[in-house]
file run07.tsv (TSV, C-alpha atoms)
chain	number	residue	atom	x	y	z
G	49	MET	CA	101.22	118.63	80.74
G	50	THR	CA	100.73	117.68	77.11
G	51	ALA	CA	98.38	115.08	75.77
G	52	THR	CA	99.51	111.46	75.39
G	53	LEU	CA	101.46	110.88	72.18
G	54	SER	CA	100.33	108.54	69.45
G	55	ALA	CA	102.69	107.12	66.82
G	56	PRO	CA	106.34	108.18	67.08
G	57	GLN	CA	107.52	110.89	64.70
G	58	SER	CA	110.75	111.09	62.75
G	59	ILE	CA	113.56	113.41	63.80
G	60	GLU	CA	112.91	115.52	60.71
G	61	SER	CA	109.23	115.95	61.51
G	62	TRP	CA	110.00	117.08	65.06
G	63	LEU	CA	112.43	119.68	63.71
G	64	GLY	CA	109.82	121.05	61.31
G	65	GLY	CA	110.96	123.95	59.17
G	66	GLU	CA	114.43	123.88	60.73
G	67	ALA	CA	115.10	120.27	59.73
G	68	GLU	CA	117.19	120.84	56.61
G	69	ASP	CA	119.25	123.63	58.16
G	70	LEU	CA	119.98	121.79	61.42
G	71	LEU	CA	120.70	118.43	59.78
G	72	THR	CA	122.89	119.62	56.89
G	73	TYR	CA	124.67	122.71	58.24
G	74	GLN	CA	128.48	122.65	58.13
G	75	ALA	CA	130.06	124.26	61.18
G	76	LYS	CA	132.42	127.21	60.89
G	77	VAL	CA	135.07	125.55	63.07
G	78	SER	CA	136.15	122.19	61.67
G	79	GLN	CA	135.36	119.02	63.60
G	80	GLN	CA	139.00	118.09	62.99
G	81	LEU	CA	139.89	120.34	65.93
G	82	LEU	CA	137.70	118.33	68.30
G	83	HIS	CA	138.00	115.17	70.36
G	84	LEU	CA	134.66	113.64	69.44
G	85	PRO	CA	132.60	111.22	71.53
G	86	GLY	CA	133.06	107.55	70.73
G	87	PRO	CA	133.05	104.05	72.23
G	88	ASP	CA	136.71	104.55	73.21
G	89	SER	CA	136.32	107.97	74.87
G	90	VAL	CA	137.59	106.86	78.27
G	91	ASP	CA	140.59	105.02	76.79
G	92	ARG	CA	141.39	107.75	74.28
G	93	ILE	CA	141.03	110.77	76.54
G	94	PHE	CA	140.90	110.06	80.26
G	95	ALA	CA	143.37	107.17	80.34
G	96	GLN	CA	146.01	109.72	79.28
G	97	SER	CA	145.13	112.06	82.16
G	98	ASP	CA	145.95	112.18	85.87
G	99	ARG	CA	142.68	110.41	86.75
G	100	ASN	CA	143.36	107.27	88.76
G	101	PRO	CA	142.16	103.79	87.73
G	102	GLN	CA	139.11	104.01	89.99
G	103	VAL	CA	137.98	107.23	88.25
G	104	LEU	CA	138.47	105.55	84.88
G	105	ARG	CA	136.29	102.69	86.05
G	106	SER	CA	133.60	105.11	87.25
G	107	LEU	CA	133.63	107.03	83.97
G	108	GLN	CA	133.37	103.77	82.05
G	109	GLN	CA	130.36	102.80	84.17
G	110	LEU	CA	128.67	106.05	83.19
G	111	TYR	CA	129.39	105.52	79.51
G	112	SER	CA	128.45	101.83	79.55
G	113	HIS	CA	124.89	101.96	80.87
G	114	GLY	CA	121.48	102.40	79.26
G	115	ARG	CA	120.42	102.70	75.64
G	116	LEU	CA	123.46	104.81	74.76
G	117	ALA	CA	125.92	102.35	76.30
G	118	ASN	CA	129.33	102.31	74.63
G	119	THR	CA	128.52	105.07	72.13
G	120	GLY	CA	130.39	107.88	73.90
G	121	TYR	CA	127.11	109.72	74.52
G	122	LEU	CA	125.19	110.34	77.73
G	123	SER	CA	121.50	110.61	78.58
G	124	ILE	CA	121.06	111.59	82.23
G	125	LEU	CA	118.02	112.25	84.42
G	126	PRO	CA	118.72	115.14	86.83
G	127	VAL	CA	116.27	115.77	89.66
G	128	ASP	CA	117.60	118.42	92.04
G	129	GLN	CA	114.65	120.72	91.33
G	130	GLY	CA	112.99	119.83	94.62
G	131	ILE	CA	115.56	122.12	96.21
G	132	GLU	CA	116.50	124.40	93.33
G	133	HIS	CA	112.89	125.25	92.40
G	134	SER	CA	111.05	123.85	95.49
G	135	ALA	CA	109.38	120.47	95.76
G	136	GLY	CA	105.92	121.94	95.29
G	137	ALA	CA	106.77	123.74	92.07
G	138	SER	CA	108.64	120.73	90.74
G	139	PHE	CA	106.48	117.77	91.73
G	140	ALA	CA	102.93	119.15	91.91
G	141	PRO	CA	102.47	118.51	88.16
G	142	ASN	CA	103.22	114.81	88.83
G	143	PRO	CA	103.06	114.00	92.57
G	144	MET	CA	104.39	110.44	92.15
G	145	TYR	CA	107.89	111.96	92.11
G	146	PHE	CA	107.66	113.06	95.71
G	147	ASP	CA	108.61	109.38	96.23
G	148	PRO	CA	112.34	109.06	95.39
G	149	GLU	CA	112.00	105.50	94.13
G	150	ASN	CA	109.96	106.70	91.16
G	151	ILE	CA	112.81	109.00	90.13
G	152	ILE	CA	115.13	106.00	89.92
G	153	LYS	CA	112.51	103.94	88.10
G	154	LEU	CA	112.12	106.68	85.47
G	155	ALA	CA	115.87	106.72	84.83
G	156	LEU	CA	115.95	102.92	84.55
G	157	GLU	CA	112.90	102.59	82.30
G	158	GLY	CA	114.04	105.61	80.29
G	159	GLY	CA	117.29	103.88	79.39
G	160	CYS	CA	119.43	106.58	80.98
G	161	ASN	CA	123.16	106.28	81.56
G	162	ALA	CA	122.73	107.62	85.10
G	163	VAL	CA	120.51	109.48	87.53
G	164	ALA	CA	121.73	112.72	89.12
G	165	THR	CA	119.91	113.86	92.22
G	166	THR	CA	120.26	114.71	95.90
G	167	LEU	CA	121.97	112.88	98.73
G	168	GLY	CA	118.59	112.23	100.33
G	169	VAL	CA	116.95	110.77	97.23
G	170	LEU	CA	119.83	108.41	96.47
G	171	GLY	CA	120.53	107.58	100.08
G	172	ILE	CA	116.98	106.44	100.81
G	173	VAL	CA	117.07	103.83	97.99
G	174	SER	CA	120.79	103.14	97.58
G	175	ARG	CA	120.82	99.51	98.71
G	176	LYS	CA	118.11	98.63	96.20
G	177	TYR	CA	119.41	100.52	93.17
G	178	ALA	CA	123.10	101.54	93.47
G	179	HIS	CA	124.17	98.41	91.57
G	180	ARG	CA	121.47	98.77	88.92
G	181	ILE	CA	122.14	102.27	87.57
G	182	PRO	CA	125.03	104.71	88.09
G	183	PHE	CA	124.35	107.29	90.81
G	184	ILE	CA	125.49	110.92	90.59
G	185	VAL	CA	125.14	112.82	93.87
G	186	LYS	CA	124.53	116.56	93.49
G	187	ILE	CA	126.43	117.92	96.50
G	188	ASN	CA	125.47	121.62	96.46
G	189	HIS	CA	122.21	123.47	95.87
G	190	ASN	CA	120.47	126.82	95.90
G	191	GLU	CA	117.48	126.70	98.26
G	192	LEU	CA	114.47	129.02	98.05
G	193	LEU	CA	113.08	128.96	101.58
G	194	THR	CA	115.28	131.68	103.09
G	195	TYR	CA	113.49	135.04	103.13
G	196	PRO	CA	114.14	137.08	101.16
G	197	ASN	CA	115.14	134.53	98.55
G	198	GLN	CA	118.84	134.45	97.86
G	199	PHE	CA	120.82	132.81	95.09
G	200	ASP	CA	123.88	130.99	96.31
G	201	GLN	CA	125.06	127.41	95.88
G	202	ILE	CA	125.88	125.94	99.28
G	203	MET	CA	127.12	122.47	100.22
G	204	PHE	CA	124.40	120.03	101.25
G	205	ALA	CA	126.49	116.86	101.18
G	206	SER	CA	130.06	115.66	101.45
G	207	VAL	CA	132.01	113.70	98.88
G	208	GLU	CA	132.46	110.92	101.45
G	209	GLN	CA	128.68	110.57	101.81
G	210	ALA	CA	128.35	110.21	98.04
G	211	TRP	CA	131.03	107.51	98.01
G	212	ASN	CA	129.43	105.65	100.93
G	213	LEU	CA	126.06	105.30	99.18
G	214	GLY	CA	127.71	103.89	96.05
G	215	ALA	CA	127.85	106.87	93.71
G	216	VAL	CA	130.12	106.74	90.66
G	217	ALA	CA	130.20	110.55	90.35
G	218	VAL	CA	129.47	113.79	92.14
G	219	GLY	CA	127.89	116.86	90.60
G	220	ALA	CA	127.98	120.50	91.65
G	221	THR	CA	126.91	123.92	90.42
G	222	ILE	CA	128.93	127.12	90.29
G	223	TYR	CA	127.21	130.44	89.62
G	224	PHE	CA	129.97	132.02	87.57
G	225	GLY	CA	129.77	135.81	87.57
G	226	SER	CA	127.97	135.99	90.91
G	227	ASP	CA	129.21	137.68	94.07
G	228	GLN	CA	129.68	134.22	95.60
G	229	SER	CA	131.52	132.63	92.68
G	230	THR	CA	135.00	132.89	94.20
G	231	ARG	CA	133.96	130.87	97.26
G	232	GLN	CA	132.01	128.38	95.15
G	233	ILE	CA	134.98	127.80	92.83
G	234	GLN	CA	137.21	127.06	95.80
G	235	GLU	CA	134.65	124.78	97.50
G	236	VAL	CA	133.88	122.80	94.37
G	237	SER	CA	137.54	122.53	93.37
G	238	ARG	CA	138.34	120.93	96.74
G	239	ALA	CA	135.34	118.63	96.48
G	240	PHE	CA	136.26	117.50	92.97
G	241	ALA	CA	139.84	116.78	94.02
G	242	ARG	CA	138.54	114.63	96.88
G	243	ALA	CA	136.07	112.87	94.58
G	244	HIS	CA	138.89	111.94	92.23
G	245	GLU	CA	140.95	110.65	95.17
G	246	LEU	CA	138.06	108.35	96.08
G	247	GLY	CA	137.60	107.17	92.49
G	248	MET	CA	134.49	109.11	91.48
G	249	ALA	CA	133.97	111.17	88.34
G	250	THR	CA	133.00	114.86	88.45
G	251	ILE	CA	130.25	116.80	86.67
G	252	LEU	CA	129.93	120.59	86.86
G	253	TRP	CA	126.80	122.63	86.22
G	254	CYS	CA	128.56	125.73	84.74
G	255	TYR	CA	125.81	128.32	85.12
G	256	LEU	CA	126.01	132.10	84.97
G	257	ARG	CA	124.28	134.28	87.55
G	258	ASN	CA	124.36	138.08	87.58
G	259	SER	CA	121.65	140.65	86.87
G	260	ALA	CA	124.15	142.48	84.63
G	261	PHE	CA	123.90	139.59	82.17
G	262	LYS	CA	120.28	140.55	81.42
G	263	GLN	CA	120.28	143.42	78.93
G	264	ASP	CA	118.49	143.64	75.58
G	265	LYS	CA	118.80	139.85	75.61
G	266	ASP	CA	119.42	137.29	78.32
G	267	TYR	CA	123.18	136.86	78.08
G	268	HIS	CA	123.14	134.12	80.70
G	269	VAL	CA	122.92	131.93	77.58
G	270	ALA	CA	125.51	133.78	75.47
G	271	ALA	CA	128.02	131.51	73.76
G	272	ASP	CA	131.03	133.65	74.71
G	273	LEU	CA	130.14	133.92	78.41
G	274	THR	CA	128.99	130.31	78.83
G	275	GLY	CA	132.04	129.18	76.88
G	276	GLN	CA	134.32	130.92	79.39
G	277	ALA	CA	132.34	129.36	82.26
G	278	ASN	CA	133.00	125.97	80.67
G	279	HIS	CA	136.70	126.77	80.44
G	280	LEU	CA	136.78	127.61	84.14
G	281	GLY	CA	134.94	124.37	84.86
G	282	VAL	CA	137.43	122.13	83.12
G	283	THR	CA	140.22	124.05	84.85
G	284	ILE	CA	139.09	122.56	88.18
G	285	GLU	CA	139.01	119.12	86.50
G	286	ALA	CA	135.34	118.63	85.81
G	287	ASP	CA	135.19	115.46	83.72
G	288	ILE	CA	131.83	116.43	82.22
G	289	ILE	CA	130.37	119.93	81.79
G	290	LYS	CA	126.65	120.66	81.98
G	291	GLN	CA	125.66	123.88	80.25
G	292	LYS	CA	122.54	125.54	78.90
G	293	LEU	CA	122.17	125.57	75.12
G	294	PRO	CA	123.45	128.94	73.85
G	295	GLU	CA	120.88	131.29	72.36
G	296	ASN	CA	122.94	134.37	71.53
G	297	ASN	CA	126.47	135.75	71.59
G	298	ASN	CA	128.59	138.84	72.33
G	299	GLY	CA	127.73	138.96	76.01
G	300	TYR	CA	131.02	140.62	76.89
G	301	ASN	CA	130.25	143.65	74.73
G	302	ALA	CA	126.64	143.86	75.91
G	303	VAL	CA	127.67	144.00	79.58
G	304	ALA	CA	130.40	146.56	78.83
G	305	GLN	CA	128.03	148.80	76.90
G	306	ALA	CA	125.32	148.62	79.56
G	307	SER	CA	127.71	149.41	82.41
G	308	GLY	CA	129.82	151.94	80.58
G	309	LYS	CA	132.89	150.08	81.85
G	310	SER	CA	135.21	147.47	80.42
G	311	TYR	CA	134.26	143.90	81.28
G	312	GLY	CA	136.34	140.76	81.00
G	313	LYS	CA	138.40	140.09	77.93
G	314	THR	CA	137.67	138.50	74.58
G	315	SER	CA	138.83	138.68	70.96
G	316	ASP	CA	137.11	139.88	67.80
G	317	ARG	CA	138.14	136.56	66.26
G	318	VAL	CA	135.70	134.76	68.56
G	319	TYR	CA	132.88	136.42	66.64
G	320	SER	CA	134.42	136.66	63.15
G	321	GLU	CA	136.28	133.33	62.86
G	322	LEU	CA	134.98	130.95	65.53
G	323	THR	CA	131.24	131.61	65.67
G	324	THR	CA	128.22	132.74	63.68
G	325	ASP	CA	124.61	133.17	64.79
G	326	HIS	CA	123.88	129.52	63.94
G	327	PRO	CA	123.07	127.42	67.04
G	328	ILE	CA	125.50	124.69	65.99
G	329	ASP	CA	128.36	127.19	65.77
G	330	LEU	CA	127.41	128.72	69.13
G	331	THR	CA	127.35	125.27	70.74
G	332	ARG	CA	130.62	124.26	69.06
G	333	TYR	CA	132.24	127.24	70.78
G	334	GLN	CA	131.04	125.79	74.09
G	335	VAL	CA	132.63	122.46	73.10
G	336	LEU	CA	135.90	124.19	72.18
G	337	ASN	CA	136.04	125.62	75.69
G	338	CYS	CA	135.70	122.11	77.14
G	339	TYR	CA	139.30	121.44	76.05
G	340	SER	CA	138.10	120.88	72.48
G	341	GLY	CA	135.75	118.14	73.64
G	342	ARG	CA	138.15	116.26	75.91
G	343	ALA	CA	135.63	116.98	78.69
G	344	GLY	CA	132.18	116.08	77.42
G	345	LEU	CA	129.59	118.83	76.99
G	346	ILE	CA	126.06	117.86	77.97
G	347	ASN	CA	123.39	120.48	77.40
G	348	SER	CA	120.38	120.86	79.69
G	349	GLY	CA	116.83	120.25	78.55
G	350	GLY	CA	115.24	123.31	80.13
G	351	ALA	CA	111.80	123.86	81.62
G	352	SER	CA	108.74	121.83	80.72
G	353	GLY	CA	106.22	123.28	78.28
G	354	LYS	CA	103.85	122.51	75.42
G	355	SER	CA	106.59	121.59	72.91
G	356	ASP	CA	108.84	119.42	75.06
G	357	PHE	CA	109.47	116.71	72.46
G	358	ALA	CA	110.30	119.12	69.65
G	359	GLU	CA	112.49	121.27	71.91
G	360	ALA	CA	114.37	118.30	73.38
G	361	ILE	CA	115.03	116.72	70.01
G	362	ARG	CA	116.17	120.07	68.59
G	363	THR	CA	118.59	120.48	71.51
G	364	ALA	CA	119.90	116.94	71.05
G	365	VAL	CA	120.49	117.47	67.33
G	366	ILE	CA	122.36	120.73	67.95
G	367	ASN	CA	124.43	119.21	70.75
G	368	LYS	CA	125.38	116.12	68.76
G	369	ARG	CA	126.18	117.94	65.53
G	370	ALA	CA	128.26	120.50	67.44
G	371	GLY	CA	130.40	117.74	68.94
G	372	GLY	CA	128.73	117.54	72.34
G	373	SER	CA	128.32	114.41	74.45
G	374	GLY	CA	124.64	114.26	75.26
G	375	LEU	CA	121.64	115.69	77.06
G	376	ILE	CA	120.62	115.96	80.71
G	377	SER	CA	116.84	116.24	80.85
G	378	GLY	CA	114.79	116.73	84.00
G	379	ARG	CA	111.55	118.70	84.10
G	380	LYS	CA	110.60	117.82	80.54
G	381	THR	CA	110.54	114.17	81.56
G	382	PHE	CA	109.33	113.98	85.17
G	383	GLN	CA	106.67	116.70	84.90
G	384	ARG	CA	104.61	114.53	82.58
G	385	PRO	CA	103.00	111.05	82.78
G	386	PHE	CA	105.54	108.30	83.47
G	387	ASP	CA	105.14	106.59	80.09
G	388	GLU	CA	105.55	109.89	78.25
G	389	GLY	CA	108.71	110.63	80.21
G	390	ILE	CA	110.13	107.32	79.01
G	391	LYS	CA	109.15	108.12	75.42
G	392	LEU	CA	110.85	111.48	75.63
G	393	PHE	CA	114.08	109.93	76.87
G	394	HIS	CA	113.96	107.38	74.07
G	395	ALA	CA	113.32	110.09	71.48
G	396	ILE	CA	116.37	112.03	72.71
G	397	GLN	CA	118.51	108.89	72.72
G	398	ASP	CA	117.39	108.03	69.19
G	399	VAL	CA	119.08	111.22	67.98
G	400	TYR	CA	122.42	110.00	69.32
G	401	LEU	CA	121.84	106.49	67.99
G	402	SER	CA	120.91	107.74	64.51
G	403	SER	CA	123.62	107.47	61.86
G	404	GLU	CA	121.77	110.13	59.88
G	405	VAL	CA	122.50	112.82	62.50
G	406	THR	CA	126.16	113.43	61.79
G	407	ILE	CA	128.83	115.75	63.23
G	408	ALA	CA	128.71	119.12	61.47
call {"tool": "encode", "arguments": {"input": "run07.tsv", "output": "structure tokens"}}
result
Amino acid sequence: MTATLSAPQSIESWLGGEAEDLLTYQAKVSQQLLHLPGPDSVDRIFAQSDRNPQVLRSLQQLYSHGRLANTGYLSILPVDQGIEHSAGASFAPNPMYFDPENIIKLALEGGCNAVATTLGVLGIVSRKYAHRIPFIVKINHNELLTYPNQFDQIMFASVEQAWNLGAVAVGATIYFGSDQSTRQIQEVSRAFARAHELGMATILWCYLRNSAFKQDKDYHVAADLTGQANHLGVTIEADIIKQKLPENNNGYNAVAQASGKSYGKTSDRVYSELTTDHPIDLTRYQVLNCYSGRAGLINSGGASGKSDFAEAIRTAVINKRAGGSGLISGRKTFQRPFDEGIKLFHAIQDVYLSSEVTIA
């Protein structure tokens, strides 16, 4: 963990040498093609959809809580790492988070819109906190106790259990590109349909998983492949898409070249007219694939390290300027002292509250 911070720094100082480029860059694809976040996002976008009034109410609850309330942006604490990465690996750096109540307290003190975590964590404290902060139940997970380790998202909870403990939304992961993706798509599609019937919103972790995506670069974070994963996610009516920040592009071609076989289908125009190597353009392509921003794109914060504040603020700036809807930050916040976790959340939220960080 890093040392305790002193005086807060400006957004520009956290961005360092990238500040001018990230804060002034004009995106290749015009923002005029996007449905941008705003105080009226639920009225403007979801009220025109097939979502029932209870879902609209749940979405409004998400967008109306915390420091970013009524801005159209989201700051969410996700803590499913106790299963996804094991409790020991996740909580040993800060053992207070073995106690579920401290997870909820961090989200509350951090000014988050919601907390996304497991059925067990939310269930054990639901009567104390379900009315104080929106709950998002993560209903499937990849566990790492089976030997040998396997990588497959399996259902841990039902939509009805999430509704019973007072959740306003359910979350799930699909490993697009994996051998198990067909089953996962079908399972999650059914779960999301049921969640909407019961009046809950839906959030999809649209992750890629296949060893073929690791070539000269890690194309699990390629804009073209993650963009298509996003498009599949909104197809099963995910209201919000969680995706890793893109770091490269042209994953389709890389996989085809490595395998010596054709793979998927794309267009040269994706690379010549819709994207460049700039991170804002790569992220805007992810937004485009979320029905041009009708479904909000929230990017993940990534693993904890020595430069958590700078990395998180950089991600927030890129997401906001690309037309995204916020950040979902876990390990960078709960794997550090409680007060520092709060400061990190506030620093991220300040990016979305700043009028100086504009849409590119």
call {"tool": "closest_residue", "arguments": {"input": "run07.tsv", "among": "G:Leu256, G:Ala306, G:Ala217, G:Val77", "to": "G:Gln291", "atoms": "only C-alpha atoms"}}
result
G:Leu256
call {"tool": "closest_residue", "arguments": {"input": "run07.tsv", "among": "G:Leu82, G:Ala135, G:Leu392, G:Leu116", "to": "G:Gln334", "atoms": "only C-alpha atoms"}}
result
G:Leu82
call {"tool": "closest_residue", "arguments": {"input": "run07.tsv", "among": "G:His268, G:Ser97, G:Ser134, G:Leu273", "to": "G:Phe146", "atoms": "only C-alpha atoms"}}
result
G:Ser134
call {"tool": "closest_residue", "arguments": {"input": "run07.tsv", "among": "G:Glu245, G:Leu375, G:Ser78, G:Ser226", "to": "G:Pro101", "atoms": "all atoms listed in the file"}}
result
G:Glu245
call {"tool": "atom_distance", "arguments": {"input": "run07.tsv", "atom1": "atom CA of G:Val103", "atom2": "atom CA of G:Ile284"}}
result
15.4 Å
call {"tool": "closest_residue", "arguments": {"input": "run07.tsv", "among": "G:Tyr145, G:Gly120, G:Asn100, G:His394", "to": "G:Asp88", "atoms": "only C-alpha atoms"}}
result
G:Gly120
call {"tool": "closest_residue", "arguments": {"input": "run07.tsv", "among": "G:Gln129, G:Ile222, G:Thr250, G:Asp266", "to": "G:Glu285", "atoms": "only C-alpha atoms"}}
result
G:Thr250
call {"tool": "residues_around", "arguments": {"input": "run07.tsv", "residues": "stretch 357-361 of chain G", "least_positions_apart": "2", "cutoff": "8 Å", "atoms": "all atoms listed in the file", "output": "VMD selection string"}}
result
chain G and resid 59 62 to 63 349 355 363 to 365 392 395 to 396 399
call {"tool": "residues_near_point", "arguments": {"input": "run07.tsv", "point": "(132.8, 106.4, 88.0)", "cutoff": "9 Å", "atoms": "only C-alpha atoms", "output": "ChimeraX atom specification"}}
result
/G:102-110,182-184,215-217,247-250
